[in-house]
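Undergrad: Could you have a look at this structure, given as structure tokens, before my questions?
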Amino acid sequence: MCKGLECLSVTCLERAKVLKSLFGNFLHRPDLSIMGHSHKSEKTRLNMDEPTKWRESFDNLLSSQHGQCSFRAFLVSEFSEENLAFYLACEEYRDTKESKLSVKAKKIYDKFICCDAPKEVNLDYETRSITKTNLEHPTLSCFDLAQEKIYTLMEKDCYPRYLKSPNYLELTRQVRAG
């Protein structure tokens with residue numbers, strides 16, 4: 001049974017407040033770059049159609065920088081942001097040079113998959129075992145099974161809740177209002 005916010009640590013509550021503040025700024029400032037970073041030298045603006053497209057499919061949400069930012073803020077509020085972080089780390093891993101596969105694969109495994117990992121994702125024993133075996137001879141596809149499981153978890157569980165969340169509903173309301 002949930003006992004409310006008083007059961008959460010002060011650190012968790014402070015982190016949630018900071019992220020809520022960041023997300024609030026995101027809603028009110030369309031020229032705000034994603035999390036203070038710009039992949040290109042210019043700031044990205046929220047296109048008025050984007051939030052509507054996010055509702056059409058989970059892929060649309062993930063393919064949008066603003067969508068990722070908004071979804072990440074939601075996941076932080078649910079204490080499950082490690083899922084998106086792992087998914088994105090796997091996407092980035094696919095661009096790794098062959099000479100660096102082993103080192104990068106180990107970092108991802110240690111951060112997200114091994115028991116007691118700092119950002120451990122929720123994977124079944126078989127998937128963990130297969131992924132660990134894949135690391136003996138890392139390839140660009142060694143995390144595919146684990147990534148697919150986390151993608152499905154987010155798509156079937158987190159994404160529908162995100163679409164019903166107050167933050168997403170407020171964002172779409174503000175976009176419609178202009």
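Chain labels run A, B, ... following the order of the structure tokens; each chain numbers its residues from 1, and ligands are numbered from 1 in the order shown.
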Quick one: everything within 12 Å of Leu153 in chain A, counting only C-alpha atoms, minus sequence neighbours fewer than 2 positions away in the same chain. Send it as JSON, numbers by chain.
TA: {"A": [58, 80, 83, 84, 87, 121, 122, 123, 124, 146, 147, 148, 149, 150, 151, 155, 156, 157, 158, 159, 160, 161]}
Undergrad: Would you list the contacts of Thr172 in chain A as a list in words, taking every protein, DNA or RNA residue within 10 Å and counting only C-alpha atoms, but skipping same-chain residues closer than 3 positions in sequence?
TA: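 The filter keeps Leu27, Met48, Asp49, Glu50, Pro51, Thr52, Leu163, Pro166, Asn167, Tyr168, Leu169, Val175, Arg176, Ala177 and Gly178 of chain A.
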Undergrad: Next, write the just-selected residues to a file, as a PDB file, in the first residue's frame, keeping C-alpha atoms as the atom set.
TA:
ATOM      1  CA  LEU A  27       6.279  24.154 -21.350  1.00  0.00           C
ATOM      2  CA  MET A  48       3.107  22.902 -32.660  1.00  0.00           C
ATOM      3  CA  ASP A  49       2.226  19.537 -34.266  1.00  0.00           C
ATOM      4  CA  GLU A  50       4.774  17.485 -32.313  1.00  0.00           C
ATOM      5  CA  PRO A  51       2.777  16.656 -29.158  1.00  0.00           C
ATOM      6  CA  THR A  52      -0.129  15.467 -31.317  1.00  0.00           C
ATOM      7  CA  LEU A 163      -0.320  10.114 -22.613  1.00  0.00           C
ATOM      8  CA  PRO A 166      -1.039  15.910 -16.361  1.00  0.00           C
ATOM      9  CA  ASN A 167       2.214  17.164 -17.916  1.00  0.00           C
ATOM     10  CA  TYR A 168       1.436  15.763 -21.379  1.00  0.00           C
ATOM     11  CA  LEU A 169      -2.182  16.918 -21.211  1.00  0.00           C
ATOM     12  CA  VAL A 175       0.026  23.966 -27.815  1.00  0.00           C
ATOM     13  CA  ARG A 176      -3.644  24.051 -28.922  1.00  0.00           C
ATOM     14  CA  ALA A 177      -4.126  27.396 -27.186  1.00  0.00           C
ATOM     15  CA  GLY A 178      -1.140  28.781 -29.084  1.00  0.00           C
TER      16      GLY A 178
END
Undergrad: Just to confirm, what's the straight-line distance from CA of Ala117 in chain A to CA of Ser129 in chain A in Å (one decimal)?
TA: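 Interatomic distance here is 14.8 Å.
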Undergrad: I'd like the neighbourhood of Thr139 in chain A as a list of chain:residue names, where a residue qualifies if any of its atoms comes within 12 Å (using only C-alpha atoms), though same-chain residues fewer than 6 positions away should be ignored.
TA: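 Contacts, in chain order: A:Cys90, A:Tyr93, A:Arg94, A:Asp95, A:Thr96, A:Lys97, A:Glu98, A:Ser99, A:Lys100, A:Leu101, A:Ser102, A:Val103, A:Lys104, A:Ala105, A:Lys106, A:Thr131, A:Thr133.
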Undergrad: Just write the chosen residues, all heavy atoms, as a short mmCIF file (atom, residue, chain, number, x, y, z; two decimals), in the first residue's frame.
TA:
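For reference, result_32.cif as written:
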data_model
loop_
_atom_site.label_atom_id
_atom_site.label_comp_id
_atom_site.auth_asym_id
_atom_site.auth_seq_id
_atom_site.Cartn_x
_atom_site.Cartn_y
_atom_site.Cartn_z
N CYS A 90 21.69 2.08 -25.91
CA CYS A 90 21.77 1.01 -26.92
C CYS A 90 21.75 1.59 -28.33
O CYS A 90 22.47 1.12 -29.22
CB CYS A 90 20.61 0.03 -26.75
SG CYS A 90 20.72 -0.97 -25.25
N TYR A 93 25.10 2.98 -28.90
CA TYR A 93 26.06 1.88 -29.01
C TYR A 93 26.18 1.38 -30.45
O TYR A 93 27.25 1.00 -30.89
CB TYR A 93 25.65 0.74 -28.07
CG TYR A 93 26.51 -0.48 -28.16
CD1 TYR A 93 27.76 -0.51 -27.53
CD2 TYR A 93 26.09 -1.61 -28.84
CE1 TYR A 93 28.56 -1.63 -27.61
CE2 TYR A 93 26.89 -2.74 -28.92
CZ TYR A 93 28.13 -2.75 -28.30
OH TYR A 93 28.93 -3.87 -28.38
N ARG A 94 25.09 1.41 -31.17
CA ARG A 94 25.09 0.93 -32.57
C ARG A 94 26.01 1.75 -33.48
O ARG A 94 26.35 1.31 -34.56
CB ARG A 94 23.68 0.93 -33.13
CG ARG A 94 22.84 -0.17 -32.57
CD ARG A 94 21.59 -0.38 -33.42
NE ARG A 94 20.80 -1.44 -32.84
CZ ARG A 94 19.83 -1.26 -31.96
NH1 ARG A 94 19.51 -0.04 -31.56
NH2 ARG A 94 19.16 -2.28 -31.47
N ASP A 95 26.40 2.93 -33.04
CA ASP A 95 27.31 3.78 -33.81
C ASP A 95 28.77 3.64 -33.36
O ASP A 95 29.62 4.40 -33.80
CB ASP A 95 26.89 5.25 -33.70
CG ASP A 95 25.55 5.51 -34.35
OD1 ASP A 95 25.20 4.80 -35.30
OD2 ASP A 95 24.83 6.43 -33.88
N THR A 96 29.03 2.69 -32.48
CA THR A 96 30.36 2.52 -31.91
C THR A 96 31.31 1.87 -32.92
O THR A 96 30.93 0.94 -33.64
CB THR A 96 30.28 1.64 -30.64
OG1 THR A 96 29.37 2.24 -29.73
CG2 THR A 96 31.63 1.47 -29.99
N LYS A 97 32.53 2.35 -32.92
CA LYS A 97 33.57 1.74 -33.77
C LYS A 97 33.89 0.36 -33.20
O LYS A 97 33.86 0.14 -31.99
CB LYS A 97 34.83 2.60 -33.77
CG LYS A 97 34.64 3.94 -34.42
CD LYS A 97 35.91 4.76 -34.36
CE LYS A 97 35.68 6.13 -34.95
NZ LYS A 97 36.85 6.98 -34.83
N GLU A 98 34.23 -0.55 -34.10
CA GLU A 98 34.48 -1.93 -33.69
C GLU A 98 35.57 -2.04 -32.62
O GLU A 98 35.47 -2.86 -31.71
CB GLU A 98 34.86 -2.78 -34.91
CG GLU A 98 34.83 -4.25 -34.62
CD GLU A 98 34.97 -5.09 -35.88
OE1 GLU A 98 34.58 -4.64 -36.96
OE2 GLU A 98 35.48 -6.22 -35.73
N SER A 99 36.57 -1.19 -32.69
CA SER A 99 37.68 -1.25 -31.74
C SER A 99 37.25 -0.87 -30.31
O SER A 99 37.94 -1.19 -29.35
CB SER A 99 38.82 -0.32 -32.18
OG SER A 99 38.37 1.02 -32.21
N LYS A 100 36.10 -0.21 -30.17
CA LYS A 100 35.65 0.25 -28.86
C LYS A 100 34.42 -0.52 -28.35
O LYS A 100 33.90 -0.20 -27.29
CB LYS A 100 35.33 1.74 -28.91
CG LYS A 100 36.56 2.57 -29.24
CD LYS A 100 36.27 4.04 -29.15
CE LYS A 100 37.55 4.80 -29.48
NZ LYS A 100 37.46 6.19 -29.17
N LEU A 101 33.98 -1.52 -29.11
CA LEU A 101 32.77 -2.26 -28.73
C LEU A 101 32.87 -2.88 -27.34
O LEU A 101 31.95 -2.76 -26.54
CB LEU A 101 32.46 -3.36 -29.75
CG LEU A 101 31.87 -2.92 -31.08
CD1 LEU A 101 31.65 -4.13 -31.98
CD2 LEU A 101 30.57 -2.17 -30.88
N SER A 102 33.97 -3.54 -27.06
CA SER A 102 34.12 -4.25 -25.80
C SER A 102 34.02 -3.32 -24.60
O SER A 102 33.29 -3.60 -23.65
CB SER A 102 35.45 -5.00 -25.79
OG SER A 102 35.56 -5.76 -24.63
N VAL A 103 34.73 -2.22 -24.65
CA VAL A 103 34.74 -1.27 -23.54
C VAL A 103 33.36 -0.64 -23.35
O VAL A 103 32.84 -0.57 -22.23
CB VAL A 103 35.81 -0.16 -23.77
CG1 VAL A 103 35.68 0.96 -22.75
CG2 VAL A 103 37.19 -0.76 -23.75
N LYS A 104 32.76 -0.22 -24.44
CA LYS A 104 31.45 0.43 -24.34
C LYS A 104 30.36 -0.55 -23.90
O LYS A 104 29.48 -0.22 -23.11
CB LYS A 104 31.08 1.08 -25.68
CG LYS A 104 30.04 2.15 -25.56
CD LYS A 104 30.05 3.04 -26.77
CE LYS A 104 29.13 4.21 -26.55
NZ LYS A 104 29.11 5.11 -27.68
N ALA A 105 30.42 -1.79 -24.41
CA ALA A 105 29.45 -2.81 -24.03
C ALA A 105 29.54 -3.10 -22.53
O ALA A 105 28.51 -3.22 -21.85
CB ALA A 105 29.68 -4.09 -24.84
N LYS A 106 30.74 -3.18 -22.02
CA LYS A 106 30.93 -3.43 -20.58
C LYS A 106 30.35 -2.29 -19.75
O LYS A 106 29.70 -2.53 -18.73
CB LYS A 106 32.43 -3.60 -20.29
CG LYS A 106 32.79 -3.73 -18.84
CD LYS A 106 32.97 -5.16 -18.45
CE LYS A 106 33.54 -5.29 -17.04
NZ LYS A 106 32.54 -5.45 -16.02
N THR A 131 22.29 -11.70 -22.69
CA THR A 131 23.05 -10.46 -22.90
C THR A 131 24.46 -10.60 -22.34
O THR A 131 25.44 -10.19 -22.98
CB THR A 131 22.33 -9.26 -22.26
OG1 THR A 131 21.01 -9.18 -22.80
CG2 THR A 131 23.06 -7.96 -22.53
N THR A 133 26.17 -13.35 -22.03
CA THR A 133 26.88 -14.24 -22.95
C THR A 133 27.30 -13.48 -24.20
O THR A 133 28.41 -13.67 -24.71
CB THR A 133 26.00 -15.46 -23.32
OG1 THR A 133 25.65 -16.16 -22.13
CG2 THR A 133 26.72 -16.38 -24.27
#
Undergrad: At what distance in Å, to one decimal, does CA of Thr152 in chain A lie from CA of Gln174 in chain A?
TA: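 Result for CA of Gln174 in chain A versus CA of Thr152 in chain A: 29.5 Å, one decimal.
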Undergrad: Any chance you could list, as JSON, numbers by chain, the residues in range 124-174 of chain A that come up alpha helix (DSSP H) when DSSP is run on the backbone?
TA: {"A": [125, 126, 127, 128, 129, 130, 131, 132, 133, 134, 144, 145, 146, 147, 148, 149, 150, 151, 152, 153, 159, 160, 161, 162, 163, 166, 167, 168, 169, 170, 171, 172, 173, 174]}
Undergrad: Tell me which protein, DNA and RNA residues are within 9 Å of Ser70 in chain A, counting only C-alpha atoms, leaving out same-chain ones fewer than 2 positions away, and put them as a PDB file with all heavy atoms, in the first residue's frame.
TA:
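And here's part-v3.pdb as it stands now:
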ATOM      1  N   PHE A  23      10.833  20.856 -16.405  1.00  0.00           N
ATOM      2  CA  PHE A  23       9.753  20.535 -17.329  1.00  0.00           C
ATOM      3  C   PHE A  23       8.782  21.700 -17.441  1.00  0.00           C
ATOM      4  O   PHE A  23       8.288  21.999 -18.520  1.00  0.00           O
ATOM      5  CB  PHE A  23       9.032  19.272 -16.882  1.00  0.00           C
ATOM      6  CG  PHE A  23       8.062  18.765 -17.908  1.00  0.00           C
ATOM      7  CD1 PHE A  23       8.516  18.283 -19.119  1.00  0.00           C
ATOM      8  CD2 PHE A  23       6.703  18.794 -17.673  1.00  0.00           C
ATOM      9  CE1 PHE A  23       7.628  17.826 -20.077  1.00  0.00           C
ATOM     10  CE2 PHE A  23       5.819  18.338 -18.619  1.00  0.00           C
ATOM     11  CZ  PHE A  23       6.278  17.849 -19.823  1.00  0.00           C
ATOM     12  N   PHE A  26      10.155  24.093 -19.785  1.00  0.00           N
ATOM     13  CA  PHE A  26      10.015  23.541 -21.130  1.00  0.00           C
ATOM     14  C   PHE A  26       8.643  23.903 -21.711  1.00  0.00           C
ATOM     15  O   PHE A  26       8.521  24.273 -22.860  1.00  0.00           O
ATOM     16  CB  PHE A  26      10.196  22.018 -21.067  1.00  0.00           C
ATOM     17  CG  PHE A  26       9.895  21.291 -22.331  1.00  0.00           C
ATOM     18  CD1 PHE A  26      10.764  21.371 -23.413  1.00  0.00           C
ATOM     19  CD2 PHE A  26       8.756  20.514 -22.448  1.00  0.00           C
ATOM     20  CE1 PHE A  26      10.495  20.683 -24.579  1.00  0.00           C
ATOM     21  CE2 PHE A  26       8.486  19.831 -23.603  1.00  0.00           C
ATOM     22  CZ  PHE A  26       9.358  19.919 -24.682  1.00  0.00           C
ATOM     23  N   GLN A  65      13.222  15.013 -30.256  1.00  0.00           N
ATOM     24  CA  GLN A  65      14.046  15.438 -29.110  1.00  0.00           C
ATOM     25  C   GLN A  65      13.173  15.987 -27.993  1.00  0.00           C
ATOM     26  O   GLN A  65      13.381  15.692 -26.820  1.00  0.00           O
ATOM     27  CB  GLN A  65      15.057  16.492 -29.548  1.00  0.00           C
ATOM     28  CG  GLN A  65      16.160  15.962 -30.411  1.00  0.00           C
ATOM     29  CD  GLN A  65      17.126  17.065 -30.828  1.00  0.00           C
ATOM     30  OE1 GLN A  65      16.928  18.237 -30.538  1.00  0.00           O
ATOM     31  NE2 GLN A  65      18.179  16.683 -31.525  1.00  0.00           N
ATOM     32  N   HIS A  66      12.183  16.789 -28.363  1.00  0.00           N
ATOM     33  CA  HIS A  66      11.276  17.338 -27.348  1.00  0.00           C
ATOM     34  C   HIS A  66      10.442  16.220 -26.724  1.00  0.00           C
ATOM     35  O   HIS A  66      10.160  16.256 -25.526  1.00  0.00           O
ATOM     36  CB  HIS A  66      10.358  18.389 -27.966  1.00  0.00           C
ATOM     37  CG  HIS A  66      11.079  19.642 -28.339  1.00  0.00           C
ATOM     38  ND1 HIS A  66      11.474  19.896 -29.638  1.00  0.00           N
ATOM     39  CD2 HIS A  66      11.482  20.699 -27.610  1.00  0.00           C
ATOM     40  CE1 HIS A  66      12.086  21.063 -29.679  1.00  0.00           C
ATOM     41  NE2 HIS A  66      12.111  21.568 -28.460  1.00  0.00           N
ATOM     42  N   GLY A  67      10.046  15.260 -27.539  1.00  0.00           N
ATOM     43  CA  GLY A  67       9.291  14.121 -27.027  1.00  0.00           C
ATOM     44  C   GLY A  67      10.099  13.330 -26.021  1.00  0.00           C
ATOM     45  O   GLY A  67       9.588  12.951 -24.960  1.00  0.00           O
ATOM     46  N   GLN A  68      11.358  13.082 -26.344  1.00  0.00           N
ATOM     47  CA  GLN A  68      12.235  12.369 -25.415  1.00  0.00           C
ATOM     48  C   GLN A  68      12.375  13.135 -24.109  1.00  0.00           C
ATOM     49  O   GLN A  68      12.328  12.542 -23.029  1.00  0.00           O
ATOM     50  CB  GLN A  68      13.622  12.162 -26.021  1.00  0.00           C
ATOM     51  CG  GLN A  68      13.700  11.061 -27.025  1.00  0.00           C
ATOM     52  CD  GLN A  68      15.120  10.889 -27.552  1.00  0.00           C
ATOM     53  OE1 GLN A  68      16.090  11.276 -26.898  1.00  0.00           O
ATOM     54  NE2 GLN A  68      15.242  10.317 -28.737  1.00  0.00           N
ATOM     55  N   ARG A  72      11.089  11.680 -20.705  1.00  0.00           N
ATOM     56  CA  ARG A  72      12.082  11.475 -19.646  1.00  0.00           C
ATOM     57  C   ARG A  72      11.602  12.125 -18.349  1.00  0.00           C
ATOM     58  O   ARG A  72      11.720  11.537 -17.272  1.00  0.00           O
ATOM     59  CB  ARG A  72      13.435  12.032 -20.036  1.00  0.00           C
ATOM     60  CG  ARG A  72      14.517  11.798 -18.973  1.00  0.00           C
ATOM     61  CD  ARG A  72      15.851  12.447 -19.318  1.00  0.00           C
ATOM     62  NE  ARG A  72      16.325  12.117 -20.645  1.00  0.00           N
ATOM     63  CZ  ARG A  72      17.105  11.072 -20.941  1.00  0.00           C
ATOM     64  NH1 ARG A  72      17.492  10.271 -19.986  1.00  0.00           N
ATOM     65  NH2 ARG A  72      17.485  10.871 -22.184  1.00  0.00           N
ATOM     66  N   ALA A  73      11.085  13.340 -18.427  1.00  0.00           N
ATOM     67  CA  ALA A  73      10.578  14.020 -17.226  1.00  0.00           C
ATOM     68  C   ALA A  73       9.469  13.198 -16.583  1.00  0.00           C
ATOM     69  O   ALA A  73       9.415  13.072 -15.359  1.00  0.00           O
ATOM     70  CB  ALA A  73      10.087  15.420 -17.576  1.00  0.00           C
ATOM     71  N   PHE A  74       8.606  12.623 -17.415  1.00  0.00           N
ATOM     72  CA  PHE A  74       7.541  11.765 -16.890  1.00  0.00           C
ATOM     73  C   PHE A  74       8.134  10.534 -16.210  1.00  0.00           C
ATOM     74  O   PHE A  74       7.732  10.167 -15.101  1.00  0.00           O
ATOM     75  CB  PHE A  74       6.594  11.342 -18.020  1.00  0.00           C
ATOM     76  CG  PHE A  74       5.637  10.265 -17.615  1.00  0.00           C
ATOM     77  CD1 PHE A  74       4.555  10.548 -16.806  1.00  0.00           C
ATOM     78  CD2 PHE A  74       5.833   8.960 -18.039  1.00  0.00           C
ATOM     79  CE1 PHE A  74       3.674   9.544 -16.416  1.00  0.00           C
ATOM     80  CE2 PHE A  74       4.963   7.955 -17.662  1.00  0.00           C
ATOM     81  CZ  PHE A  74       3.876   8.244 -16.842  1.00  0.00           C
ATOM     82  N   LEU A  75       9.094   9.883 -16.864  1.00  0.00           N
ATOM     83  CA  LEU A  75       9.703   8.683 -16.296  1.00  0.00           C
ATOM     84  C   LEU A  75      10.417   8.984 -14.981  1.00  0.00           C
ATOM     85  O   LEU A  75      10.388   8.170 -14.050  1.00  0.00           O
ATOM     86  CB  LEU A  75      10.677   8.044 -17.291  1.00  0.00           C
ATOM     87  CG  LEU A  75      10.037   7.414 -18.525  1.00  0.00           C
ATOM     88  CD1 LEU A  75      11.119   6.918 -19.485  1.00  0.00           C
ATOM     89  CD2 LEU A  75       9.083   6.294 -18.164  1.00  0.00           C
ATOM     90  N   ASN A 167       1.221  16.377 -17.169  1.00  0.00           N
ATOM     91  CA  ASN A 167       2.214  17.164 -17.916  1.00  0.00           C
ATOM     92  C   ASN A 167       1.968  17.086 -19.420  1.00  0.00           C
ATOM     93  O   ASN A 167       2.026  18.100 -20.108  1.00  0.00           O
ATOM     94  CB  ASN A 167       3.637  16.696 -17.594  1.00  0.00           C
ATOM     95  CG  ASN A 167       4.067  17.098 -16.202  1.00  0.00           C
ATOM     96  OD1 ASN A 167       3.493  17.994 -15.594  1.00  0.00           O
ATOM     97  ND2 ASN A 167       5.071  16.433 -15.692  1.00  0.00           N
ATOM     98  N   TYR A 168       1.694  15.891 -19.943  1.00  0.00           N
ATOM     99  CA  TYR A 168       1.436  15.763 -21.379  1.00  0.00           C
ATOM    100  C   TYR A 168       0.121  16.466 -21.738  1.00  0.00           C
ATOM    101  O   TYR A 168       0.048  17.188 -22.739  1.00  0.00           O
ATOM    102  CB  TYR A 168       1.375  14.297 -21.815  1.00  0.00           C
ATOM    103  CG  TYR A 168       0.980  14.155 -23.262  1.00  0.00           C
ATOM    104  CD1 TYR A 168       1.890  14.448 -24.280  1.00  0.00           C
ATOM    105  CD2 TYR A 168      -0.309  13.770 -23.627  1.00  0.00           C
ATOM    106  CE1 TYR A 168       1.525  14.352 -25.617  1.00  0.00           C
ATOM    107  CE2 TYR A 168      -0.669  13.676 -24.960  1.00  0.00           C
ATOM    108  CZ  TYR A 168       0.251  13.959 -25.950  1.00  0.00           C
ATOM    109  OH  TYR A 168      -0.113  13.876 -27.272  1.00  0.00           O
TER     110      TYR A 168
END
